[in-house]
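Worksheet: the structure to be examined is printed underneath.
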Amino acid sequence: MEIDAALVSHALGAAAFGGLTLLLAFGWRGTAPGAAFLAAAGLTALWAGLHVLYAAAGVPPLRALLAAEVARDLAWIGFLALTMLAGRRRVLALAGAGALAGGVLALDLLPLHRVGGHWAVAGHLALALAGLVAVEQLWRNAPPARRWALKFLCLGLGGLFAYDFYLYADALLLRRISPALWQARVAAEGLMAPLLAVAAARNRDWAVDIAVSRRAVFHSAALLGAGVYLLFMAAAGYYIRRFGGTWGAVWQVVFLVGAAVLLAALMASGRMRAWLRVFISRNFYSYKHDYRDAWMRLTRTLAGTESDLPPAERAIHALAELFECPGGALWLRDEHGAYRPRAWLNLTPPPEAVVAPDEPLAAALAGREWVIEPAEVAASPERYPGLRLPPWLEALGAWLVVPLWLHEAPMGFVVLAPPRAPVRLIWEDYDLLRIAGRQAAGHLAQMQAAEALSQARQFEAYHRLSAYVVHDLKNLAAQLGLLAANARRHGGNPAFLDDMVATLENAVGRMNRLVAQLRSGRREGARRAVDLAALAAAVVTERARVQPAPRLEAAPPGPWVEADPDRLTTVLRHVVQNAQEATPPDGRVTVRVGTDGGRALVEIEDTGTGMDATFLRERLFRPFDSTKGLSGMGIGAYECREYVRALGGEVAVESSPGRGTCFRIRLPLAAEAVQEAAG
């Protein structure tokens with residue numbers, strides 16, 4: 001049995017417009033534009049259904065089809081008038097369209113139709129032309145910002161009216177309606193239904209809510225594209241086999257395998273997937289983001305249900321995947337107000353990437369919850385008055401600086417790497433990033449609170465232990481004091497004995513001061529101007545009895561700094577001692593004192609075993625984490641860094657396994673008046 005092409009064509013078009021009508025009916029919320037759009041779509045579906053009945057059973061009569069067509073055209077023209085006109089102009093446009101449709105309907109239904117059929121054709125041609133003019137006026141008069149929402153409406157209705165115009169123009173010229181054009185008409189115009197559905201989804205003011213999952217659209221588009229690709233490749237392979245001669249079959253296999261490999265590479269490409277998602281969001285949805293899906297992914301990533309990354313890296317990944325960015329870096333504000341790198345993911349910040357509290361970037365982060373785009377700052381600096389981005393940010397290739405606000409104040413920021421596919425940012429993107437940044441800030445605050453609680457518990461245990469340490473130190477101080485007294489009374493006058501006594505007295509003094517500090521709970525005494533080179537020389541002399549003996553490259557008086565001499569000496573002694581313990585006896589430990597960039601500088605460099613990057617980042621300054629077993633408590637390096645920071649300085653470490661380590665301690669220079677009073 002031969003299948004009727006006209007019946008299939010009409011059925012496909014009727015199914016398309018019927019589906020559109022159902023979508024609109026379920027999403028209609030009772031507004032006038034939505035009602036007009038729904039009515040026009042419903043009349044179009046009715047017109048297509050009547051064509052199916054006519055092709056299948058010869059009913060209803062042809063005049064009924066023409067009347068349904070007039071009603072359909074009038075509904076669409078009325079909807080366009082309702083969309084772009086208001087007041088009296090809308091009434092006049094609707095009246096004119098109604099008069100034209102009435103005249104065409106009269107020509108279709110009156111007996112004159114059989115005598116003057118070409119007049120009826122001319123009437124339908126005029127109705128199609130009126131529809132095209134209405135579409136053109138809508139597009140021409142729409143503001144540029146509005147055209148994005150109206151683009152698919154104009155394409156859909158323009159295609160529908162253009163087909164009718166061609167059909168009736170051809171019939172008027174040739175004095176007959178083309179059977180092929182008539183049979184293909186409903187299916188061809190049914191292709192406009194998806195465009196109208198997209199237009200409805202983009203125009204929320206029509207109160208038509210068509211919700212289609214972006215994930216489903218993404219996978220459907222990917223499968224459709226893969227299917228079209230395979231279809232073309234199969235056709236190309238067929239022609240290669242047919243016209244390739246004796247080698248045709250071989251080259252066909254090679255070609256198809258290569259095509260399959262290329263398809264697999266494209267499907268696995270992160271850049272291609274990112275481009276497809278951006279294309280779908282930009283062209284098929286009124287809102288750029290699927291907020292439900294984005295929020296669920298953000299929450300799952302921060303919670304760590306889909307990744308074993310540490311918490312800080314999870315915060316970076318959660319923000320980066322919103323725009324398909326390959327990585328980023330996280331800065332958190334410390335107790336002194338400076339922003340320091342805390343974690344990074346495929347984007348390593350340089351050592352100098354610290355934002356001081358008085359820098360313009362810190363002021364911008366504290367003033368407003370801005371998402372900063374470095375490229376825009378460079379192109380339009382007048383939009384960011386007073387903002388100068390640090391040079392390392394440009395060298396890092398930063399795409400965005402996303403603030404992390406907690407309780408109406410910044411706690412840090414995330415720098416994102418450029419996305420895999422180009423993204424043009426709009427207000428939706430900035431709002432999403434700000435909200436996601438606040439969510440990430442809450443997650444990081446919980447992480448910091450957990451770390452602080454853990455450290456507090458460790459310090460509590462340490463303080464409990466200190467009571468026993470104080471008791472032992474008191475006994476030891478008494479014993480050493482008695483020994484010093486006996487040595488002075490019975491030791492005679494040899495020089496080495498005097499040196500021993502001086503050393504013991506110094507040890508007694510140090511332990512007594514430690515006992516007093518532990519009892520009072522205050523580790524630091526009064527600050528005063530001290531000669532940094534003299535302190536370093538004293539530490540080098542003291543540690544010279546242990547091999548390798550440290551070597552000093554400075555001579556007092558050196559740069560002056562304002563600090564507690566005992567605590568600063570302890571800092572230098574700790575670093576030198578660690579350097580000696582990590583270096584073999586035939587190695588070198590060098591202490592250099594000088595200035596650098598208006599600050600005092602102490603460098604302690606050794607040729608010892610060195611440390612890897614992971615240890616430097618995760619363990620070196622972590623309290624109570626020791627590599628010395630039971631002989632170490634793991635608080636020396638941590639205390640060293642914290643005291644230097646309290647003085648307004650900075651500790652930097654460079655090290656690599658097998659090559660040694662270099663500690664650089666930078667401190668603010670003491671004011672000249674303080675130096676003169678001390679000297």
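Chain labels run A, B, ... following the order of the structure tokens; each chain numbers its residues from 1, and ligands are numbered from 1 in the order shown.
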Quiz item: Using only C-alpha atoms, which residues sit within 12 Å of A:Pro350 once same-chain residues fewer than 5 positions away are excluded, as JSON, numbers by chain?
Solution: {"A": [329, 340, 341, 344, 390, 391, 392, 393, 394, 395, 396, 397]}
Residues from the last selection, C-alpha atoms, saved as a PDB file, in the first residue's frame:
ATOM      1  CA  ALA A 329      43.684  30.242  43.175  1.00  0.00           C
ATOM      2  CA  ARG A 340      47.747  35.582  51.259  1.00  0.00           C
ATOM      3  CA  PRO A 341      47.540  32.619  48.856  1.00  0.00           C
ATOM      4  CA  TRP A 344      45.466  26.816  44.098  1.00  0.00           C
ATOM      5  CA  PRO A 390      49.173  44.261  41.023  1.00  0.00           C
ATOM      6  CA  PRO A 391      51.458  43.259  38.125  1.00  0.00           C
ATOM      7  CA  TRP A 392      51.540  39.615  39.206  1.00  0.00           C
ATOM      8  CA  LEU A 393      47.778  39.369  38.576  1.00  0.00           C
ATOM      9  CA  GLU A 394      48.241  40.116  34.880  1.00  0.00           C
ATOM     10  CA  ALA A 395      51.248  37.798  34.685  1.00  0.00           C
ATOM     11  CA  LEU A 396      49.103  35.080  36.236  1.00  0.00           C
ATOM     12  CA  GLY A 397      46.647  35.336  33.316  1.00  0.00           C
TER      13      GLY A 397
END
A:Asp586 surroundings by only C-alpha atoms, 12 Å radius, close-in-sequence under 5 positions cut, as a PDB file with C-alpha atoms, in the first residue's frame:
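Everything below was put into out-v6.pdb:
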ATOM      1  CA  VAL A 546      78.171  22.696  66.822  1.00  0.00           C
ATOM      2  CA  GLN A 547      79.282  21.528  63.404  1.00  0.00           C
ATOM      3  CA  PRO A 548      78.943  22.809  60.786  1.00  0.00           C
ATOM      4  CA  ALA A 549      79.747  26.085  62.461  1.00  0.00           C
ATOM      5  CA  PRO A 550      77.690  28.946  60.985  1.00  0.00           C
ATOM      6  CA  GLN A 580      72.771  22.904  61.349  1.00  0.00           C
ATOM      7  CA  ASP A 606      72.394  25.900  54.307  1.00  0.00           C
ATOM      8  CA  THR A 607      73.541  23.123  51.990  1.00  0.00           C
ATOM      9  CA  GLY A 608      71.549  20.460  53.788  1.00  0.00           C
TER      10      GLY A 608
END
Quiz item: Suppose you want the space between atom CA of A:Gly19 and atom CA of A:Ala226; what is it in Å?
Solution: 25.4 Å
Practice problem: Tell me which protein, DNA and RNA residues are within 9 Å of stretch 84-89 of chain A, counting only C-alpha atoms, leaving out same-chain ones fewer than 4 positions away, and put them as a ChimeraX atom specification. | Solution: /A:79-80,93-94,137-138,141-142
For those residues, write N, CA and C atoms to a file as a PDB file, in the first residue's frame.
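Listing of out-v1.pdb after writing:
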ATOM      1  N   PHE A  79      -1.660  39.034  17.394  1.00  0.00           N
ATOM      2  CA  PHE A  79      -0.664  38.874  18.447  1.00  0.00           C
ATOM      3  C   PHE A  79       0.510  39.824  18.239  1.00  0.00           C
ATOM      4  N   LEU A  80       0.957  39.985  16.979  1.00  0.00           N
ATOM      5  CA  LEU A  80       2.058  40.907  16.706  1.00  0.00           C
ATOM      6  C   LEU A  80       1.657  42.340  17.026  1.00  0.00           C
ATOM      7  N   ALA A  93      -4.709  48.987  14.074  1.00  0.00           N
ATOM      8  CA  ALA A  93      -4.050  47.857  13.414  1.00  0.00           C
ATOM      9  C   ALA A  93      -4.927  46.614  13.457  1.00  0.00           C
ATOM     10  N   LEU A  94      -5.534  46.361  14.607  1.00  0.00           N
ATOM     11  CA  LEU A  94      -6.412  45.195  14.712  1.00  0.00           C
ATOM     12  C   LEU A  94      -7.631  45.345  13.814  1.00  0.00           C
ATOM     13  N   GLN A 137       8.107  45.098  10.936  1.00  0.00           N
ATOM     14  CA  GLN A 137       7.955  46.264  11.803  1.00  0.00           C
ATOM     15  C   GLN A 137       8.318  45.934  13.251  1.00  0.00           C
ATOM     16  N   LEU A 138       7.948  44.736  13.690  1.00  0.00           N
ATOM     17  CA  LEU A 138       8.298  44.330  15.052  1.00  0.00           C
ATOM     18  C   LEU A 138       9.807  44.299  15.228  1.00  0.00           C
ATOM     19  N   ASN A 141      11.478  47.993  14.895  1.00  0.00           N
ATOM     20  CA  ASN A 141      11.196  48.941  15.973  1.00  0.00           C
ATOM     21  C   ASN A 141      11.591  48.422  17.357  1.00  0.00           C
ATOM     22  N   ALA A 142      12.036  47.186  17.435  1.00  0.00           N
ATOM     23  CA  ALA A 142      12.429  46.639  18.736  1.00  0.00           C
ATOM     24  C   ALA A 142      13.772  47.223  19.164  1.00  0.00           C
TER      25      ALA A 142
END
Quiz item: Using only C-alpha atoms, which of A:Leu347, A:Ala260, A:Ala646, A:Leu46 sits nearest A:Ala68?
Solution: A:Leu46
Exercise. Please measure the separation of atom CA of A:Arg424 and atom CA of A:Arg368, giving the value in Å to one decimal.
Key: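 Rounded to one decimal, the two atoms are 22.2 Å apart.
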Exercise. Select, from A:Leu256, A:Gly245, A:Leu107, A:Arg567, the residue with the minimum atom-to-atom distance to A:Met233, counting only C-alpha atoms.
Key: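 Residue with the minimum atom-to-atom distance to A:Met233: A:Leu256.
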Exercise. Tell me which protein, DNA and RNA residues are within 8 Å of A:Ala338, counting only C-alpha atoms, leaving out same-chain ones fewer than 5 positions away, and put them as a list in words.
Key: Arg333, Val354, Val355, Ala356 and Pro357 of chain A
Can you spit out the residues from that selection as a PDB file, in the first residue's frame, using N, CA and C atoms?
ATOM      1  N   ARG A 333      42.220  36.360  53.898  1.00  0.00           N
ATOM      2  CA  ARG A 333      42.730  37.467  54.698  1.00  0.00           C
ATOM      3  C   ARG A 333      43.195  36.954  56.057  1.00  0.00           C
ATOM      4  N   VAL A 354      51.065  38.608  47.461  1.00  0.00           N
ATOM      5  CA  VAL A 354      50.438  38.953  48.739  1.00  0.00           C
ATOM      6  C   VAL A 354      49.857  40.352  48.600  1.00  0.00           C
ATOM      7  N   VAL A 355      48.593  40.519  48.953  1.00  0.00           N
ATOM      8  CA  VAL A 355      47.919  41.816  48.849  1.00  0.00           C
ATOM      9  C   VAL A 355      47.914  42.454  50.230  1.00  0.00           C
ATOM     10  N   ALA A 356      48.704  43.511  50.395  1.00  0.00           N
ATOM     11  CA  ALA A 356      48.787  44.206  51.680  1.00  0.00           C
ATOM     12  C   ALA A 356      47.492  44.968  51.953  1.00  0.00           C
ATOM     13  N   PRO A 357      47.201  45.277  53.225  1.00  0.00           N
ATOM     14  CA  PRO A 357      45.941  45.964  53.548  1.00  0.00           C
ATOM     15  C   PRO A 357      45.797  47.340  52.907  1.00  0.00           C
TER      16      PRO A 357
END
Quiz item: Given the choices A:Arg666, A:Ile426, A:Arg185, A:Leu319, which gets closest to A:Val8 if the distance is worked out from only C-alpha atoms?
Solution: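 Counting only C-alpha atoms, the residue closest to A:Val8 is A:Arg185.
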Quiz prompt | Within 10 Å of stretch 588-599 of chain A using only C-alpha atoms, minus same-chain residues under 4 positions, as a PyMOL selection string | solution = chain A and resi 532-534+536-537+539-540+547-556+558-561+572+576-577+579-580+582-584+603-608+649+660-670
Quiz item: Do you know which residues are at most 10 Å from stretch 441-451 of chain A counting only C-alpha atoms, after dropping those on the same chain fewer than 6 positions away, and could you put them as number ranges by chain?
Solution: A: 299, 302-303, 311-312, 314-315, 332, 403-407, 410-413, 435, 457
Could you dump the residues just selected with C-alpha atoms as a short mmCIF file (atom, residue, chain, number, x, y, z; two decimals), in the first residue's frame?
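As written to disk, result_32.cif reads:
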data_model
loop_
_atom_site.label_atom_id
_atom_site.label_comp_id
_atom_site.auth_asym_id
_atom_site.auth_seq_id
_atom_site.Cartn_x
_atom_site.Cartn_y
_atom_site.Cartn_z
CA THR A 299 26.62 22.51 46.96
CA LEU A 302 31.69 22.30 48.39
CA ALA A 303 30.45 19.35 50.46
CA PRO A 311 38.28 22.02 51.40
CA ALA A 312 40.11 25.09 50.05
CA ARG A 314 36.98 22.46 46.58
CA ALA A 315 35.97 26.11 46.95
CA LEU A 332 42.37 34.46 52.42
CA PRO A 403 35.22 38.35 46.17
CA LEU A 404 34.37 36.06 49.07
CA TRP A 405 32.18 37.97 51.51
CA LEU A 406 31.13 36.76 54.93
CA HIS A 407 28.93 38.82 57.30
CA PRO A 410 35.49 40.29 52.62
CA MET A 411 37.35 37.24 53.92
CA GLY A 412 39.28 36.57 50.71
CA PHE A 413 38.98 36.24 46.96
CA ILE A 435 26.10 34.55 45.46
CA ARG A 457 42.72 21.90 71.67
#
Quiz item: Between atom CA of A:Gly98 and atom CA of A:His124, what is the spacing in Å?
Solution: 13.3 Å
Exercise. For each of A:Met611, A:Leu129, A:Leu262, A:Ala193, take the minimum atom-to-atom distance to A:Gly658, counting only C-alpha atoms, then give the residue where this is smallest.
Key: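 Closest candidate: A:Met611.
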Quiz item: Which residue out of A:Ala362, A:Leu322, A:Cys154, A:Ala378 has the minimum interatomic distance to A:Pro419 when only C-alpha atoms are used?
Solution: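 Smallest distance to A:Pro419 is found for A:Leu322.
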